[in-house]
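What follows is run24.csv (CSV, N, CA and C atoms).
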chain,number,residue,atom,x,y,z
K,1,MET,N,12.9,13.6,-5.9
K,1,MET,CA,13.5,14.1,-4.6
K,1,MET,C,13.6,12.9,-3.7
K,2,GLU,N,14.8,12.8,-3.1
K,2,GLU,CA,15.1,11.7,-2.1
K,2,GLU,C,14.2,11.9,-0.9
K,3,PRO,N,13.5,10.8,-0.4
K,3,PRO,CA,12.8,10.9,0.8
K,3,PRO,C,13.6,11.3,2.0
K,4,GLY,N,13.1,12.2,2.8
K,4,GLY,CA,13.8,12.6,4.0
K,4,GLY,C,14.8,13.7,3.8
K,5,VAL,N,14.9,14.2,2.6
K,5,VAL,CA,15.9,15.2,2.3
K,5,VAL,C,15.3,16.4,1.6
K,6,SER,N,15.6,17.6,2.2
K,6,SER,CA,15.1,18.9,1.6
K,6,SER,C,13.6,19.0,1.6
K,7,GLY,N,13.0,20.1,1.8
K,7,GLY,CA,11.6,20.3,1.8
K,7,GLY,C,11.1,21.1,0.6
K,8,PHE,N,11.9,21.1,-0.4
K,8,PHE,CA,11.6,21.8,-1.6
K,8,PHE,C,11.7,21.0,-2.9
K,9,VAL,N,10.9,21.4,-3.9
K,9,VAL,CA,11.0,20.8,-5.2
K,9,VAL,C,11.3,21.9,-6.2
K,10,LEU,N,12.2,21.7,-7.0
K,10,LEU,CA,12.6,22.8,-8.0
K,10,LEU,C,11.9,22.5,-9.3
K,11,THR,N,11.0,23.4,-9.7
K,11,THR,CA,10.3,23.3,-11.0
K,11,THR,C,10.7,24.5,-11.7
K,12,ASN,N,10.8,24.4,-13.0
K,12,ASN,CA,11.3,25.5,-13.8
K,12,ASN,C,10.2,26.6,-13.9
K,13,PRO,N,10.4,27.8,-13.5
K,13,PRO,CA,11.5,28.4,-12.7
K,13,PRO,C,11.1,28.6,-11.3
K,14,GLU,N,10.2,27.8,-10.7
K,14,GLU,CA,9.7,28.1,-9.4
K,14,GLU,C,10.3,27.1,-8.4
K,15,LEU,N,10.2,27.5,-7.1
K,15,LEU,CA,10.6,26.7,-6.0
K,15,LEU,C,9.4,26.5,-5.2
K,16,ILE,N,9.0,25.2,-5.1
K,16,ILE,CA,7.8,24.9,-4.3
K,16,ILE,C,8.2,24.3,-3.0
K,17,MET,N,7.6,24.9,-1.9
K,17,MET,CA,8.0,24.6,-0.5
K,17,MET,C,7.0,23.6,0.0
K,18,ASP,N,7.5,22.6,0.7
K,18,ASP,CA,6.7,21.6,1.4
K,18,ASP,C,5.8,22.3,2.4
K,19,ASP,N,4.5,22.1,2.5
K,19,ASP,CA,3.6,22.7,3.4
K,19,ASP,C,4.0,22.6,4.8
K,20,TYR,N,4.6,21.5,5.2
K,20,TYR,CA,5.0,21.3,6.6
K,20,TYR,C,5.9,22.4,7.1
K,21,ILE,N,6.8,22.9,6.2
K,21,ILE,CA,7.8,23.9,6.6
K,21,ILE,C,7.1,25.2,7.1
K,22,ILE,N,6.1,25.6,6.4
K,22,ILE,CA,5.4,26.8,6.8
K,22,ILE,C,4.3,26.5,7.9
K,23,ASP,N,3.6,25.5,7.7
K,23,ASP,CA,2.5,25.2,8.6
K,23,ASP,C,2.9,24.7,10.0
K,24,VAL,N,4.0,24.0,10.1
K,24,VAL,CA,4.4,23.4,11.4
K,24,VAL,C,5.8,23.9,11.8
K,25,LEU,N,6.8,23.7,10.9
K,25,LEU,CA,8.2,24.0,11.3
K,25,LEU,C,8.4,25.5,11.7
K,26,LEU,N,7.8,26.4,11.0
K,26,LEU,CA,7.9,27.8,11.3
K,26,LEU,C,7.4,28.1,12.7
K,27,ARG,N,6.2,27.6,13.0
K,27,ARG,CA,5.6,27.9,14.3
K,27,ARG,C,6.5,27.2,15.4
K,28,ASP,N,7.0,26.0,15.1
K,28,ASP,CA,7.7,25.2,16.1
K,28,ASP,C,9.1,25.9,16.4
K,29,LEU,N,9.8,26.2,15.4
K,29,LEU,CA,11.2,26.8,15.6
K,29,LEU,C,11.1,28.3,16.1
K,30,VAL,N,10.2,29.1,15.5
K,30,VAL,CA,10.1,30.5,15.9
K,30,VAL,C,9.3,30.7,17.1
K,31,GLY,N,8.1,30.1,17.2
K,31,GLY,CA,7.2,30.3,18.3
K,31,GLY,C,7.5,29.5,19.6
K,32,HIS,N,7.6,28.2,19.4
K,32,HIS,CA,7.8,27.3,20.6
K,32,HIS,C,9.3,27.4,21.0
K,33,ASP,N,10.2,27.1,20.1
K,33,ASP,CA,11.7,27.1,20.5
K,33,ASP,C,12.3,28.5,20.7
K,34,ARG,N,11.6,29.5,20.1
K,34,ARG,CA,12.1,30.9,20.1
K,34,ARG,C,13.5,31.0,19.5
K,35,ARG,N,13.6,30.4,18.3
K,35,ARG,CA,14.9,30.4,17.6
K,35,ARG,C,14.6,30.7,16.1
K,36,PRO,N,14.3,32.0,15.8
K,36,PRO,CA,13.9,32.4,14.4
K,36,PRO,C,15.1,32.2,13.5
K,37,VAL,N,16.3,32.4,13.9
K,37,VAL,CA,17.5,32.2,13.1
K,37,VAL,C,17.6,30.8,12.6
K,38,SER,N,17.2,29.8,13.5
K,38,SER,CA,17.2,28.4,13.1
K,38,SER,C,16.3,28.2,11.9
K,39,PHE,N,15.1,28.8,11.9
K,39,PHE,CA,14.2,28.7,10.8
K,39,PHE,C,14.8,29.2,9.6
K,40,LEU,N,15.4,30.4,9.7
K,40,LEU,CA,16.0,31.1,8.5
K,40,LEU,C,17.2,30.2,7.9
K,41,VAL,N,18.0,29.7,8.8
K,41,VAL,CA,19.1,28.8,8.3
K,41,VAL,C,18.5,27.6,7.7
K,42,TYR,N,17.5,26.9,8.3
K,42,TYR,CA,17.0,25.7,7.6
K,42,TYR,C,16.4,26.1,6.3
K,43,LEU,N,15.6,27.2,6.2
K,43,LEU,CA,14.9,27.6,5.0
K,43,LEU,C,16.0,27.8,3.9
K,44,TRP,N,17.0,28.6,4.2
K,44,TRP,CA,18.1,28.9,3.2
K,44,TRP,C,18.8,27.6,2.7
K,45,LEU,N,19.2,26.8,3.7
K,45,LEU,CA,19.9,25.5,3.3
K,45,LEU,C,19.0,24.6,2.5
K,46,ALA,N,17.8,24.5,2.9
K,46,ALA,CA,16.8,23.6,2.1
K,46,ALA,C,16.6,24.1,0.7
K,47,ALA,N,16.4,25.4,0.6
K,47,ALA,CA,16.2,26.0,-0.8
K,47,ALA,C,17.5,25.8,-1.6
K,48,GLU,N,18.6,26.1,-1.0
K,48,GLU,CA,19.9,26.0,-1.8
K,48,GLU,C,20.2,24.5,-2.2
K,49,GLN,N,19.9,23.6,-1.3
K,49,GLN,CA,20.0,22.2,-1.6
K,49,GLN,C,19.1,21.8,-2.7
K,50,ALA,N,17.9,22.3,-2.8
K,50,ALA,CA,17.0,22.0,-3.9
K,50,ALA,C,17.5,22.6,-5.2
K,51,ARG,N,18.1,23.8,-5.1
K,51,ARG,CA,18.6,24.4,-6.4
K,51,ARG,C,19.8,23.6,-6.9
K,52,ARG,N,20.7,23.2,-6.0
K,52,ARG,CA,21.9,22.5,-6.4
K,52,ARG,C,21.6,21.0,-6.7
K,53,GLY,N,20.6,20.5,-6.1
K,53,GLY,CA,20.3,19.1,-6.2
K,53,GLY,C,21.3,18.2,-5.4
K,54,ALA,N,22.0,18.9,-4.4
K,54,ALA,CA,22.9,18.2,-3.6
K,54,ALA,C,23.1,18.9,-2.3
K,55,SER,N,23.8,18.3,-1.3
K,55,SER,CA,24.0,19.0,-0.1
K,55,SER,C,24.9,20.2,-0.3
K,56,VAL,N,24.9,21.1,0.7
K,56,VAL,CA,25.5,22.4,0.6
K,56,VAL,C,26.7,22.6,1.4
K,57,GLN,N,27.9,22.9,0.8
K,57,GLN,CA,29.1,23.1,1.6
K,57,GLN,C,29.3,24.6,1.7
K,58,ILE,N,29.2,25.1,2.9
K,58,ILE,CA,29.3,26.5,3.2
K,58,ILE,C,29.8,26.8,4.6
K,59,SER,N,30.6,27.8,4.7
K,59,SER,CA,31.1,28.2,6.0
K,59,SER,C,30.1,29.0,6.8
K,60,TYR,N,30.3,29.1,8.2
K,60,TYR,CA,29.4,29.8,9.0
K,60,TYR,C,29.3,31.3,8.5
K,61,GLN,N,30.5,31.8,8.2
K,61,GLN,CA,30.5,33.2,7.8
K,61,GLN,C,29.7,33.5,6.5
K,62,GLU,N,29.9,32.6,5.5
K,62,GLU,CA,29.2,32.7,4.2
K,62,GLU,C,27.7,32.6,4.4
K,63,LEU,N,27.3,31.6,5.3
K,63,LEU,CA,25.9,31.4,5.5
K,63,LEU,C,25.3,32.6,6.3
K,64,ALA,N,26.0,33.2,7.2
K,64,ALA,CA,25.6,34.4,7.9
K,64,ALA,C,25.4,35.5,7.0
K,65,GLU,N,26.3,35.7,6.1
K,65,GLU,CA,26.2,36.8,5.1
K,65,GLU,C,25.0,36.6,4.2
K,66,ASN,N,24.8,35.4,3.7
K,66,ASN,CA,23.7,35.1,2.8
K,66,ASN,C,22.3,35.3,3.5
K,67,ILE,N,22.2,35.1,4.8
K,67,ILE,CA,21.0,35.2,5.5
K,67,ILE,C,20.8,36.6,6.1
K,68,GLY,N,21.9,37.3,6.4
K,68,GLY,CA,21.9,38.6,7.0
K,68,GLY,C,21.9,38.6,8.5
K,69,VAL,N,22.5,37.6,9.1
K,69,VAL,CA,22.6,37.5,10.6
K,69,VAL,C,24.1,37.3,11.0
K,70,SER,N,24.3,37.3,12.3
K,70,SER,CA,25.7,37.1,12.8
K,70,SER,C,26.2,35.7,12.6
K,71,LYS,N,27.5,35.6,12.6
K,71,LYS,CA,28.1,34.2,12.5
K,71,LYS,C,27.8,33.4,13.7
K,72,SER,N,27.8,34.0,14.9
K,72,SER,CA,27.5,33.3,16.2
K,72,SER,C,26.0,32.8,16.2
K,73,SER,N,25.1,33.6,15.6
K,73,SER,CA,23.7,33.2,15.5
K,73,SER,C,23.6,31.9,14.6
K,74,VAL,N,24.4,31.9,13.5
K,74,VAL,CA,24.4,30.8,12.6
K,74,VAL,C,24.9,29.6,13.3
K,75,GLN,N,26.0,29.7,14.0
K,75,GLN,CA,26.6,28.6,14.8
K,75,GLN,C,25.6,28.0,15.7
K,76,ALA,N,24.9,28.8,16.5
K,76,ALA,CA,23.9,28.4,17.4
K,76,ALA,C,22.7,27.7,16.7
K,77,ALA,N,22.3,28.2,15.6
K,77,ALA,CA,21.2,27.7,14.8
K,77,ALA,C,21.6,26.3,14.2
K,78,ILE,N,22.8,26.2,13.7
K,78,ILE,CA,23.2,24.9,13.1
K,78,ILE,C,23.2,23.8,14.3
K,79,SER,N,23.7,24.2,15.4
K,79,SER,CA,23.8,23.3,16.5
K,79,SER,C,22.4,22.9,16.9
K,80,TRP,N,21.4,23.8,17.0
K,80,TRP,CA,20.1,23.5,17.4
K,80,TRP,C,19.4,22.6,16.3
K,81,LEU,N,19.6,22.9,15.0
K,81,LEU,CA,19.0,22.1,14.0
K,81,LEU,C,19.5,20.7,13.9
K,82,ARG,N,20.8,20.5,14.3
K,82,ARG,CA,21.4,19.2,14.3
K,82,ARG,C,20.8,18.4,15.5
K,83,ARG,N,20.6,19.1,16.6
K,83,ARG,CA,20.0,18.4,17.8
K,83,ARG,C,18.6,18.0,17.5
K,84,ARG,N,17.9,18.8,16.7
K,84,ARG,CA,16.5,18.5,16.4
K,84,ARG,C,16.4,17.5,15.2
K,85,LYS,N,17.5,17.1,14.7
K,85,LYS,CA,17.5,16.1,13.6
K,85,LYS,C,16.9,16.7,12.3
K,86,LEU,N,17.1,18.0,12.1
K,86,LEU,CA,16.6,18.7,10.9
K,86,LEU,C,17.7,19.0,9.9
K,87,LEU,N,18.9,18.7,10.4
K,87,LEU,CA,20.1,19.0,9.6
K,87,LEU,C,21.2,18.0,9.9
K,88,SER,N,21.9,17.6,8.9
K,88,SER,CA,23.1,16.8,9.1
K,88,SER,C,24.3,17.5,8.6
K,89,ALA,N,25.4,17.3,9.2
K,89,ALA,CA,26.6,18.0,8.7
K,89,ALA,C,27.8,16.9,8.7
K,90,THR,N,28.6,17.0,7.6
K,90,THR,CA,29.7,16.2,7.5
K,90,THR,C,30.9,17.0,7.1
K,91,LYS,N,32.1,16.5,7.6
K,91,LYS,CA,33.4,17.2,7.2
K,91,LYS,C,34.3,16.1,6.8
K,92,GLN,N,35.2,16.5,5.9
K,92,GLN,CA,36.3,15.6,5.4
K,92,GLN,C,37.4,15.5,6.5
K,93,ASN,N,37.6,16.5,7.2
K,93,ASN,CA,38.5,16.5,8.4
K,93,ASN,C,38.1,17.6,9.4
K,94,ALA,N,38.8,17.7,10.5
K,94,ALA,CA,38.4,18.6,11.6
K,94,ALA,C,38.3,20.1,11.2
K,95,THR,N,39.2,20.5,10.2
K,95,THR,CA,39.2,21.9,9.9
K,95,THR,C,38.5,22.2,8.5
K,96,ALA,N,37.9,21.2,7.9
K,96,ALA,CA,37.2,21.4,6.6
K,96,ALA,C,35.9,22.2,6.8
K,97,ILE,N,35.5,22.8,5.7
K,97,ILE,CA,34.1,23.5,5.7
K,97,ILE,C,33.1,22.4,5.7
K,98,PRO,N,32.1,22.5,6.6
K,98,PRO,CA,31.0,21.4,6.6
K,98,PRO,C,30.2,21.4,5.4
K,99,ARG,N,29.6,20.2,5.1
K,99,ARG,CA,28.6,20.0,4.1
K,99,ARG,C,27.3,19.7,4.8
K,100,TYR,N,26.3,20.5,4.5
K,100,TYR,CA,25.0,20.4,5.2
K,100,TYR,C,23.9,19.7,4.3
K,101,THR,N,23.1,18.9,5.0
K,101,THR,CA,22.0,18.3,4.3
K,101,THR,C,20.7,18.7,5.1
K,102,ALA,N,19.8,19.4,4.5
K,102,ALA,CA,18.5,19.7,5.2
K,102,ALA,C,17.7,18.4,5.2
K,103,LEU,N,17.2,18.0,6.3
K,103,LEU,CA,16.5,16.7,6.4
K,103,LEU,C,15.0,17.0,6.6
K,104,THR,N,14.2,16.1,6.3
K,104,THR,CA,12.7,16.2,6.4
K,104,THR,C,12.2,14.9,7.2
K,105,PRO,N,12.4,14.9,8.5
K,105,PRO,CA,12.1,13.7,9.2
K,105,PRO,C,10.6,13.4,9.2
K,106,TRP,N,9.8,14.4,9.0
K,106,TRP,CA,8.3,14.2,8.9
K,106,TRP,C,7.9,13.4,7.7
K,107,LYS,N,8.7,13.2,6.8
K,107,LYS,CA,8.4,12.4,5.6
K,107,LYS,C,8.9,11.0,5.8
K,108,SER,N,9.8,10.7,6.8
K,108,SER,CA,10.4,9.4,6.9
K,108,SER,C,9.6,8.4,7.7
K,109,PHE,N,8.6,8.9,8.5
K,109,PHE,CA,7.9,7.9,9.3
K,109,PHE,C,6.5,7.9,8.9
K,110,SER,N,5.9,6.7,9.1
K,110,SER,CA,4.5,6.6,8.8
K,110,SER,C,3.6,6.7,10.1
K,111,ARG,N,2.6,7.4,10.0
K,111,ARG,CA,1.7,7.6,11.2
K,111,ARG,C,0.9,6.4,11.4
K,112,PRO,N,0.7,5.9,12.6
K,112,PRO,CA,-0.2,4.8,12.8
K,112,PRO,C,-1.6,5.2,12.6
K,113,LYS,N,-2.4,4.2,12.1
K,113,LYS,CA,-3.8,4.5,11.8
K,113,LYS,C,-4.6,4.3,13.1
K,114,HIS,N,-5.4,5.2,13.4
K,114,HIS,CA,-6.2,5.2,14.6
K,114,HIS,C,-7.6,4.6,14.2
K,115,THR,N,-8.0,3.7,15.0
K,115,THR,CA,-9.4,3.1,14.7
K,115,THR,C,-10.3,3.6,15.9
K,116,ARG,N,-11.5,3.9,15.5
K,116,ARG,CA,-12.5,4.4,16.5
K,116,ARG,C,-13.1,3.2,17.2
K,117,PRO,N,-13.3,3.2,18.5
K,117,PRO,CA,-14.0,2.1,19.2
K,117,PRO,C,-15.5,2.2,18.7
K,118,ARG,N,-16.0,1.0,18.6
K,118,ARG,CA,-17.5,0.9,18.2
K,118,ARG,C,-18.4,0.7,19.3

Translate the structure described by the file into C-alpha coordinates.
Amino acid sequence: MEPGVSGFVLTNPELIMDDYIIDVLLRDLVGHDRRPVSFLVYLWLAAEQARRGASVQISYQELAENIGVSKSSVQAAISWLRRRKLLSATKQNATAIPRYTALTPWKSFSRPKHTRPR
(Lines of atoms letter the chains of each structure in order from A and count residues from 1; the text may use other names and numbers.)
(Lines give C-alpha, C1' and ligand atoms only; values in the text may rest on other atoms or scores of the structure.)
Protein backbone atom coordinates (compact mmCIF):
# COMPACT_ATOMS: atom_id res chain seq x y z
CA MET A 1 0.00 0.00 0.00
CA GLU A 2 1.31 3.43 -0.94
CA PRO A 3 2.00 5.63 2.11
CA GLY A 4 -0.55 8.37 2.62
CA VAL A 5 -3.19 6.73 0.44
CA SER A 6 -6.30 4.82 1.62
CA GLY A 7 -6.77 3.53 5.11
CA PHE A 8 -7.49 -0.03 4.11
CA VAL A 9 -5.60 -3.17 3.22
CA LEU A 10 -7.31 -5.78 1.11
CA THR A 11 -6.57 -9.33 2.17
CA ASN A 12 -8.33 -12.27 0.67
CA PRO A 13 -11.31 -12.06 1.35
CA GLU A 14 -11.25 -9.47 4.15
CA LEU A 15 -10.91 -5.73 4.24
CA ILE A 16 -8.83 -4.54 7.20
CA MET A 17 -9.38 -0.96 8.30
CA ASP A 18 -6.67 1.31 9.69
CA ASP A 19 -7.31 1.78 13.45
CA TYR A 20 -7.02 5.56 13.05
CA ILE A 21 -10.18 5.65 10.92
CA ILE A 22 -12.38 4.33 13.73
CA ASP A 23 -10.44 5.53 16.77
CA VAL A 24 -9.87 9.14 15.66
CA LEU A 25 -11.39 10.07 12.30
CA LEU A 26 -14.90 8.85 13.17
CA ARG A 27 -14.98 10.92 16.35
CA ASP A 28 -13.39 13.91 14.63
CA LEU A 29 -15.70 14.09 11.60
CA VAL A 30 -18.93 12.95 13.27
CA GLY A 31 -18.53 14.33 16.79
CA HIS A 32 -16.36 17.42 16.49
CA ASP A 33 -17.10 18.59 12.92
CA ARG A 34 -20.71 17.32 13.02
CA ARG A 35 -20.40 15.96 9.49
CA PRO A 36 -21.39 12.28 9.55
CA VAL A 37 -21.86 12.14 5.76
CA SER A 38 -18.22 13.19 5.36
CA PHE A 39 -17.20 10.13 7.37
CA LEU A 40 -19.43 7.86 5.25
CA VAL A 41 -18.06 9.33 2.01
CA TYR A 42 -14.47 8.91 3.21
CA LEU A 43 -15.13 5.35 4.40
CA TRP A 44 -16.79 4.31 1.14
CA LEU A 45 -14.15 5.90 -1.09
CA ALA A 46 -11.25 4.47 0.95
CA ALA A 47 -12.77 0.97 0.87
CA GLU A 48 -13.51 1.16 -2.84
CA GLN A 49 -10.00 2.46 -3.52
CA ALA A 50 -8.55 -0.51 -1.61
CA ARG A 51 -10.74 -2.95 -3.57
CA ARG A 52 -9.74 -1.48 -6.92
CA GLY A 53 -6.14 -0.78 -6.02
CA ALA A 54 -6.53 2.65 -7.61
CA SER A 55 -8.31 5.97 -7.21
CA VAL A 56 -12.08 5.99 -7.74
CA GLN A 57 -13.81 7.83 -10.57
CA ILE A 58 -17.43 8.38 -9.60
CA SER A 59 -20.11 11.07 -9.97
CA TYR A 60 -21.81 12.78 -7.03
CA GLN A 61 -25.06 11.01 -7.91
CA GLU A 62 -23.51 7.53 -8.08
CA LEU A 63 -21.69 8.11 -4.81
CA ALA A 64 -24.89 9.35 -3.15
CA GLU A 65 -26.78 6.25 -4.32
CA ASN A 66 -24.02 3.92 -3.08
CA ILE A 67 -24.01 5.52 0.37
CA GLY A 68 -27.74 6.19 0.63
CA VAL A 69 -27.66 9.97 1.07
CA SER A 70 -28.56 12.98 -1.06
CA LYS A 71 -26.37 14.31 -3.85
CA SER A 72 -26.08 17.70 -2.13
CA SER A 73 -24.87 15.97 1.06
CA VAL A 74 -22.17 14.20 -0.95
CA GLN A 75 -21.13 17.49 -2.58
CA ALA A 76 -20.77 19.16 0.83
CA ALA A 77 -18.89 16.14 2.22
CA ILE A 78 -16.43 16.05 -0.70
CA SER A 79 -15.77 19.76 -0.26
CA TRP A 80 -15.17 19.32 3.48
CA LEU A 81 -12.89 16.30 3.02
CA ARG A 82 -10.82 18.18 0.44
CA ARG A 83 -10.45 21.14 2.82
CA ARG A 84 -9.38 18.76 5.58
CA LYS A 85 -6.80 17.20 3.18
CA LEU A 86 -8.40 13.77 3.56
CA LEU A 87 -9.37 13.53 -0.09
CA SER A 88 -7.88 14.67 -3.38
CA ALA A 89 -9.84 15.05 -6.59
CA THR A 90 -8.67 15.38 -10.17
CA LYS A 91 -10.52 15.96 -13.43
CA GLN A 92 -9.37 15.67 -17.03
CA ASN A 93 -11.44 18.74 -17.88
CA ALA A 94 -14.04 21.02 -16.26
CA THR A 95 -17.01 18.77 -17.04
CA ALA A 96 -15.36 15.39 -16.47
CA ILE A 97 -16.34 13.02 -13.65
CA PRO A 98 -13.81 13.47 -10.81
CA ARG A 99 -11.32 10.82 -9.76
CA TYR A 100 -10.96 10.68 -5.96
CA THR A 101 -8.07 9.48 -3.83
CA ALA A 102 -8.64 8.89 -0.12
CA LEU A 103 -5.59 10.22 1.71
CA THR A 104 -4.11 9.21 5.06
CA PRO A 105 -2.19 12.27 6.24
CA TRP A 106 -1.69 10.70 9.67
CA LYS A 107 0.71 8.22 8.05
CA SER A 108 2.81 10.83 6.22
CA PHE A 109 4.27 12.74 9.11
CA SER A 110 6.53 11.57 11.87
CA ARG A 111 5.77 12.62 15.39
CA PRO A 112 8.58 14.34 17.27
CA LYS A 113 10.03 12.40 20.14
CA HIS A 114 9.42 13.97 23.50
CA THR A 115 12.10 13.74 26.12
CA ARG A 116 11.37 14.07 29.79
CA PRO A 117 13.30 16.63 31.78
CA ARG A 118 15.57 15.04 34.37

Item to check | Shell of 12 Å around region 67-83 of chain K, only C-alpha atoms, local chain residues under 3 positions omitted, as a ChimeraX atom specification | outcome: /K:25,28-30,33-45,48,58-64,86-90,98-105

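Going from CA of Ile21 (chain K) to CA of Ser55 (chain K) covers 18.2 Å.
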
Checklist entry - Just how far from CA of Gln57 (chain K) is atom N of Gly31 (chain K), in Å to one decimal? => result 27.1 Å

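Between atom C of Ala96 (chain K) and CA of Val56 (chain K) the separation is 12.1 Å.
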
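DSSP annotation of region 46-91 of chain K from backbone atoms: strand (DSSP E) residues are Val56, Gln57, Leu87, Ser88, Ala89 and Thr90 of chain K.
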